[in-house]
Amino acid sequence: VDTDKFKSLDISISYNSFANSEKNLPVSLYQKIQNIDSETRIHKAIDDCDYDEIRKLFIEKKNPNFKIGKRTAFEHAVINALDHNGKNECMKIVEEFVSAGADVNQTGSKEKSMLVYVIDQCLDKGVDSNRKQMIELLLKCGANPRIVIKDNMPLVPYVVNENGSNAKNVIDLLFDSDIQSSDKILYKPYIDEGIVGGENNNWNALCIAIKNNNT
């Protein structure tokens, strides 16, 4: 018996089985493997700031809504762009995520939207050009500046209640954006007069009125 002939036949059968294995997989398992592959490629493209790869994947209708560890993929894209100091390719990836169907107002791993996340960074570290650019991009992509945060407080009172120059700079940035004119009329006089922070001032009375819908 020509054993070498049987060995080569066995290898050939094994290779063909492997090559055609996708056709024999249950649909649900095959789809799961495909999703894992897509998510891995998207994750790598975010880390590499590879906008062309992200765009290609989303043109192929790959899903932008999944998690990378505890973060959502969109959150990872935003934080990666911040870490790369607003590198143009990274910023374009954030915008591409929204175009592909990612919810710009989704709650991330810190239990806040990405707009609020970046604003908190500004309140803590200051409004640099990188964070400013990200806030402007998120608002352009449809981030909600009227979002209610902790204790049912709207975003603008939340920022102003933080007090200090960082809060003032964030408010100025929001007012220069698409925030509604009614908010500007309501909040701006208190900011200009320096009535921010503290427990017993008119600003807190205004916040209470807003909370109770008495404005």
# chains A, B, ... in the order shown; residues from 1 in each chain; ligands from 1

$ select_by_dssp --residues "range 76-162 of chain A" --states "alpha helix (DSSP H)" --output "mmCIF file with N, CA, C and O atoms, in the first residue's frame"
data_model
loop_
_atom_site.group_PDB
_atom_site.id
_atom_site.type_symbol
_atom_site.label_atom_id
_atom_site.label_comp_id
_atom_site.auth_asym_id
_atom_site.auth_seq_id
_atom_site.Cartn_x
_atom_site.Cartn_y
_atom_site.Cartn_z
ATOM 1 N N HIS A 76 -14.717 54.806 22.865
ATOM 2 C CA HIS A 76 -13.295 54.536 22.637
ATOM 3 C C HIS A 76 -12.739 55.442 21.551
ATOM 4 O O HIS A 76 -11.616 55.954 21.669
ATOM 5 N N ALA A 77 -13.531 55.666 20.503
ATOM 6 C CA ALA A 77 -13.093 56.538 19.410
ATOM 7 C C ALA A 77 -12.916 57.974 19.883
ATOM 8 O O ALA A 77 -11.940 58.643 19.516
ATOM 9 N N VAL A 78 -13.847 58.464 20.704
ATOM 10 C CA VAL A 78 -13.765 59.833 21.225
ATOM 11 C C VAL A 78 -12.538 59.988 22.128
ATOM 12 O O VAL A 78 -11.753 60.936 21.983
ATOM 13 N N ILE A 79 -12.359 59.054 23.055
ATOM 14 C CA ILE A 79 -11.240 59.141 23.997
ATOM 15 C C ILE A 79 -9.912 58.995 23.264
ATOM 16 O O ILE A 79 -8.931 59.679 23.576
ATOM 17 N N ASN A 80 -9.884 58.127 22.262
ATOM 18 C CA ASN A 80 -8.660 57.966 21.470
ATOM 19 C C ASN A 80 -8.305 59.264 20.742
ATOM 20 O O ASN A 80 -7.139 59.650 20.671
ATOM 21 N N ALA A 81 -9.327 59.940 20.212
ATOM 22 C CA ALA A 81 -9.077 61.228 19.532
ATOM 23 C C ALA A 81 -8.531 62.262 20.511
ATOM 24 O O ALA A 81 -7.624 63.032 20.177
ATOM 25 N N LEU A 82 -9.078 62.276 21.720
ATOM 26 C CA LEU A 82 -8.577 63.201 22.752
ATOM 27 C C LEU A 82 -7.127 62.865 23.110
ATOM 28 O O LEU A 82 -6.293 63.755 23.282
ATOM 29 N N ASP A 83 -6.838 61.572 23.219
ATOM 30 C CA ASP A 83 -5.482 61.136 23.564
ATOM 31 C C ASP A 83 -4.474 61.492 22.466
ATOM 32 O O ASP A 83 -3.287 61.650 22.741
ATOM 33 N N ASN A 88 -6.432 64.904 13.096
ATOM 34 C CA ASN A 88 -7.513 65.027 12.123
ATOM 35 C C ASN A 88 -8.150 63.681 11.776
ATOM 36 O O ASN A 88 -9.379 63.550 11.728
ATOM 37 N N GLU A 89 -7.336 62.650 11.533
ATOM 38 C CA GLU A 89 -7.863 61.334 11.172
ATOM 39 C C GLU A 89 -8.721 60.768 12.300
ATOM 40 O O GLU A 89 -9.757 60.140 12.042
ATOM 41 N N CYS A 90 -8.310 60.977 13.548
ATOM 42 C CA CYS A 90 -9.063 60.464 14.699
ATOM 43 C C CYS A 90 -10.403 61.189 14.842
ATOM 44 O O CYS A 90 -11.419 60.567 15.169
ATOM 45 N N MET A 91 -10.407 62.485 14.604
ATOM 46 C CA MET A 91 -11.645 63.252 14.680
ATOM 47 C C MET A 91 -12.616 62.816 13.589
ATOM 48 O O MET A 91 -13.830 62.712 13.805
ATOM 49 N N LYS A 92 -12.080 62.521 12.415
ATOM 50 C CA LYS A 92 -12.917 62.059 11.310
ATOM 51 C C LYS A 92 -13.525 60.692 11.623
ATOM 52 O O LYS A 92 -14.652 60.386 11.205
ATOM 53 N N ILE A 93 -12.800 59.877 12.377
ATOM 54 C CA ILE A 93 -13.325 58.571 12.783
ATOM 55 C C ILE A 93 -14.548 58.751 13.685
ATOM 56 O O ILE A 93 -15.548 58.049 13.540
ATOM 57 N N VAL A 94 -14.482 59.702 14.617
ATOM 58 C CA VAL A 94 -15.624 59.990 15.502
ATOM 59 C C VAL A 94 -16.846 60.355 14.663
ATOM 60 O O VAL A 94 -17.952 59.844 14.879
ATOM 61 N N GLU A 95 -16.644 61.230 13.702
ATOM 62 C CA GLU A 95 -17.749 61.661 12.839
ATOM 63 C C GLU A 95 -18.277 60.494 12.001
ATOM 64 O O GLU A 95 -19.487 60.365 11.786
ATOM 65 N N GLU A 96 -17.378 59.630 11.558
ATOM 66 C CA GLU A 96 -17.771 58.472 10.740
ATOM 67 C C GLU A 96 -18.627 57.502 11.550
ATOM 68 O O GLU A 96 -19.561 56.884 11.020
ATOM 69 N N PHE A 97 -18.328 57.359 12.836
ATOM 70 C CA PHE A 97 -19.129 56.501 13.712
ATOM 71 C C PHE A 97 -20.583 56.970 13.742
ATOM 72 O O PHE A 97 -21.509 56.169 13.637
ATOM 73 N N VAL A 98 -20.765 58.271 13.884
ATOM 74 C CA VAL A 98 -22.130 58.818 13.941
ATOM 75 C C VAL A 98 -22.829 58.612 12.600
ATOM 76 O O VAL A 98 -24.000 58.218 12.553
ATOM 77 N N SER A 99 -22.115 58.846 11.514
ATOM 78 C CA SER A 99 -22.684 58.641 10.184
ATOM 79 C C SER A 99 -23.102 57.186 9.977
ATOM 80 O O SER A 99 -24.060 56.898 9.260
ATOM 81 N N MET A 114 -20.889 61.395 25.858
ATOM 82 C CA MET A 114 -19.532 61.824 25.552
ATOM 83 C C MET A 114 -19.404 63.340 25.615
ATOM 84 O O MET A 114 -18.340 63.863 25.941
ATOM 85 N N LEU A 115 -20.494 64.063 25.321
ATOM 86 C CA LEU A 115 -20.457 65.521 25.465
ATOM 87 C C LEU A 115 -20.198 65.887 26.918
ATOM 88 O O LEU A 115 -19.345 66.731 27.221
ATOM 89 N N VAL A 116 -20.914 65.257 27.819
ATOM 90 C CA VAL A 116 -20.733 65.536 29.255
ATOM 91 C C VAL A 116 -19.346 65.074 29.709
ATOM 92 O O VAL A 116 -18.686 65.754 30.508
ATOM 93 N N TYR A 117 -18.885 63.951 29.188
ATOM 94 C CA TYR A 117 -17.552 63.453 29.530
ATOM 95 C C TYR A 117 -16.481 64.487 29.176
ATOM 96 O O TYR A 117 -15.602 64.799 29.997
ATOM 97 N N VAL A 118 -16.559 65.038 27.972
ATOM 98 C CA VAL A 118 -15.545 66.013 27.529
ATOM 99 C C VAL A 118 -15.690 67.313 28.313
ATOM 100 O O VAL A 118 -14.692 67.944 28.677
ATOM 101 N N ILE A 119 -16.924 67.713 28.603
ATOM 102 C CA ILE A 119 -17.137 68.925 29.394
ATOM 103 C C ILE A 119 -16.550 68.751 30.795
ATOM 104 O O ILE A 119 -15.916 69.671 31.333
ATOM 105 N N ASP A 120 -16.724 67.572 31.383
ATOM 106 C CA ASP A 120 -16.120 67.317 32.698
ATOM 107 C C ASP A 120 -14.600 67.401 32.628
ATOM 108 O O ASP A 120 -13.944 67.876 33.563
ATOM 109 N N GLN A 121 -14.024 66.945 31.515
ATOM 110 C CA GLN A 121 -12.576 67.073 31.314
ATOM 111 C C GLN A 121 -12.177 68.553 31.278
ATOM 112 O O GLN A 121 -11.159 68.943 31.841
ATOM 113 N N CYS A 122 -13.010 69.360 30.613
ATOM 114 C CA CYS A 122 -12.743 70.806 30.536
ATOM 115 C C CYS A 122 -12.839 71.455 31.910
ATOM 116 O O CYS A 122 -12.024 72.316 32.257
ATOM 117 N N LEU A 123 -13.842 71.063 32.673
ATOM 118 C CA LEU A 123 -14.016 71.637 34.020
ATOM 119 C C LEU A 123 -12.841 71.271 34.923
ATOM 120 O O LEU A 123 -12.432 72.061 35.772
ATOM 121 N N ASP A 124 -12.295 70.075 34.708
ATOM 122 C CA ASP A 124 -11.202 69.596 35.546
ATOM 123 C C ASP A 124 -9.848 70.131 35.093
ATOM 124 O O ASP A 124 -9.013 70.549 35.905
ATOM 125 N N LYS A 125 -9.638 70.160 33.766
ATOM 126 C CA LYS A 125 -8.303 70.464 33.239
ATOM 127 C C LYS A 125 -8.233 71.732 32.409
ATOM 128 O O LYS A 125 -7.142 72.169 32.046
ATOM 129 N N SER A 129 -7.544 73.555 23.028
ATOM 130 C CA SER A 129 -8.042 73.500 21.647
ATOM 131 C C SER A 129 -8.546 72.109 21.282
ATOM 132 O O SER A 129 -9.507 71.961 20.508
ATOM 133 N N ASN A 130 -7.940 71.090 21.865
ATOM 134 C CA ASN A 130 -8.325 69.705 21.594
ATOM 135 C C ASN A 130 -9.741 69.416 22.105
ATOM 136 O O ASN A 130 -10.601 68.919 21.365
ATOM 137 N N ARG A 131 -10.001 69.755 23.365
ATOM 138 C CA ARG A 131 -11.332 69.514 23.949
ATOM 139 C C ARG A 131 -12.383 70.421 23.319
ATOM 140 O O ARG A 131 -13.524 70.009 23.122
ATOM 141 N N LYS A 132 -11.985 71.639 23.031
ATOM 142 C CA LYS A 132 -12.895 72.571 22.361
ATOM 143 C C LYS A 132 -13.339 72.007 21.019
ATOM 144 O O LYS A 132 -14.533 72.013 20.678
ATOM 145 N N GLN A 133 -12.388 71.500 20.262
ATOM 146 C CA GLN A 133 -12.681 70.933 18.947
ATOM 147 C C GLN A 133 -13.615 69.727 19.077
ATOM 148 O O GLN A 133 -14.538 69.547 18.277
ATOM 149 N N MET A 134 -13.404 68.907 20.105
ATOM 150 C CA MET A 134 -14.244 67.722 20.296
ATOM 151 C C MET A 134 -15.670 68.112 20.669
ATOM 152 O O MET A 134 -16.642 67.523 20.163
ATOM 153 N N ILE A 135 -15.825 69.098 21.552
ATOM 154 C CA ILE A 135 -17.166 69.554 21.920
ATOM 155 C C ILE A 135 -17.889 70.086 20.693
ATOM 156 O O ILE A 135 -19.069 69.777 20.461
ATOM 157 N N GLU A 136 -17.198 70.882 19.906
ATOM 158 C CA GLU A 136 -17.808 71.430 18.689
ATOM 159 C C GLU A 136 -18.214 70.311 17.721
ATOM 160 O O GLU A 136 -19.285 70.370 17.100
ATOM 161 N N LEU A 137 -17.361 69.293 17.604
ATOM 162 C CA LEU A 137 -17.668 68.176 16.708
ATOM 163 C C LEU A 137 -18.876 67.387 17.211
ATOM 164 O O LEU A 137 -19.775 67.045 16.434
ATOM 165 N N LEU A 138 -18.914 67.106 18.516
ATOM 166 C CA LEU A 138 -20.033 66.349 19.082
ATOM 167 C C LEU A 138 -21.351 67.103 18.902
ATOM 168 O O LEU A 138 -22.381 66.505 18.560
ATOM 169 N N LEU A 139 -21.319 68.414 19.122
ATOM 170 C CA LEU A 139 -22.529 69.219 18.926
ATOM 171 C C LEU A 139 -22.939 69.219 17.449
ATOM 172 O O LEU A 139 -24.122 69.111 17.124
ATOM 173 N N LYS A 140 -21.959 69.316 16.585
ATOM 174 C CA LYS A 140 -22.233 69.269 15.139
ATOM 175 C C LYS A 140 -22.876 67.936 14.754
ATOM 176 O O LYS A 140 -23.756 67.880 13.881
ATOM 177 N N LEU A 155 -27.710 70.716 31.714
ATOM 178 C CA LEU A 155 -26.267 70.828 31.507
ATOM 179 C C LEU A 155 -25.712 72.190 31.880
ATOM 180 O O LEU A 155 -24.698 72.288 32.576
ATOM 181 N N VAL A 156 -26.364 73.273 31.444
ATOM 182 C CA VAL A 156 -25.815 74.614 31.692
ATOM 183 C C VAL A 156 -25.748 74.934 33.187
ATOM 184 O O VAL A 156 -24.694 75.355 33.676
ATOM 185 N N PRO A 157 -26.829 74.736 33.967
ATOM 186 C CA PRO A 157 -26.702 74.958 35.410
ATOM 187 C C PRO A 157 -25.647 74.060 36.057
ATOM 188 O O PRO A 157 -24.934 74.483 36.965
ATOM 189 N N TYR A 158 -25.541 72.831 35.566
ATOM 190 C CA TYR A 158 -24.530 71.896 36.082
ATOM 191 C C TYR A 158 -23.128 72.479 35.905
ATOM 192 O O TYR A 158 -22.314 72.449 36.832
ATOM 193 N N VAL A 159 -22.868 73.031 34.722
ATOM 194 C CA VAL A 159 -21.541 73.604 34.452
ATOM 195 C C VAL A 159 -21.302 74.844 35.308
ATOM 196 O O VAL A 159 -20.255 74.991 35.941
ATOM 197 N N VAL A 160 -22.285 75.734 35.322
ATOM 198 C CA VAL A 160 -22.116 76.994 36.056
ATOM 199 C C VAL A 160 -21.954 76.739 37.547
ATOM 200 O O VAL A 160 -21.197 77.423 38.235
#

$ residues_around --residues "Val104 in chain A" --least-positions-apart "3" --cutoff "7 Å" --atoms "only C-alpha atoms" --output "list in words"
Val98, Cys141, Gly142 and Ala143 of chain A

$ atom_distance --atom1 "CA of Ser38 in chain A" --atom2 "CA of Phe66 in chain A"
10.4 Å

$ atom_distance --atom1 "CA of Glu60 in chain A" --atom2 "CA of Gly86 in chain A"
26.2 Å

$ select_by_dssp --residues "range 24-150 of chain A" --states "strand (DSSP E)" --output "list in words"
Lys67, Ile68, Arg71 and Thr72 of chain A

$ write_last_selection --atoms "all heavy atoms" --output "CSV table (one decimal), in the first residue's frame"
chain,number,residue,atom,x,y,z
A,67,LYS,N,-19.1,46.9,22.3
A,67,LYS,CA,-18.3,47.3,23.4
A,67,LYS,C,-16.8,46.8,23.2
A,67,LYS,O,-16.6,45.8,22.7
A,67,LYS,CB,-18.8,46.9,24.7
A,67,LYS,CG,-20.0,47.6,25.2
A,67,LYS,CD,-20.3,47.4,26.6
A,67,LYS,CE,-21.4,48.4,27.1
A,67,LYS,NZ,-21.6,48.2,28.6
A,68,ILE,N,-15.9,47.7,23.6
A,68,ILE,CA,-14.5,47.3,23.6
A,68,ILE,C,-14.1,47.4,25.1
A,68,ILE,O,-13.9,48.4,25.7
A,68,ILE,CB,-13.6,48.3,22.9
A,68,ILE,CG1,-14.0,48.3,21.4
A,68,ILE,CG2,-12.1,48.0,23.0
A,68,ILE,CD1,-13.3,49.4,20.5
A,71,ARG,N,-15.9,50.0,27.6
A,71,ARG,CA,-16.3,51.2,26.8
A,71,ARG,C,-17.1,50.8,25.6
A,71,ARG,O,-16.9,49.7,25.1
A,71,ARG,CB,-15.0,51.9,26.3
A,71,ARG,CG,-14.2,52.6,27.3
A,71,ARG,CD,-12.9,53.1,26.6
A,71,ARG,NE,-12.0,53.8,27.5
A,71,ARG,CZ,-10.9,54.3,27.2
A,71,ARG,NH1,-10.4,54.2,26.0
A,71,ARG,NH2,-10.1,54.9,28.1
A,72,THR,N,-18.0,51.7,25.1
A,72,THR,CA,-18.6,51.5,23.8
A,72,THR,C,-17.5,51.8,22.8
A,72,THR,O,-16.6,52.6,23.1
A,72,THR,CB,-19.8,52.4,23.6
A,72,THR,OG1,-19.4,53.8,23.6
A,72,THR,CG2,-20.8,52.2,24.8

$ atom_distance --atom1 "CA of Asp50 in chain A" --atom2 "CA of Gly69 in chain A"
20.1 Å
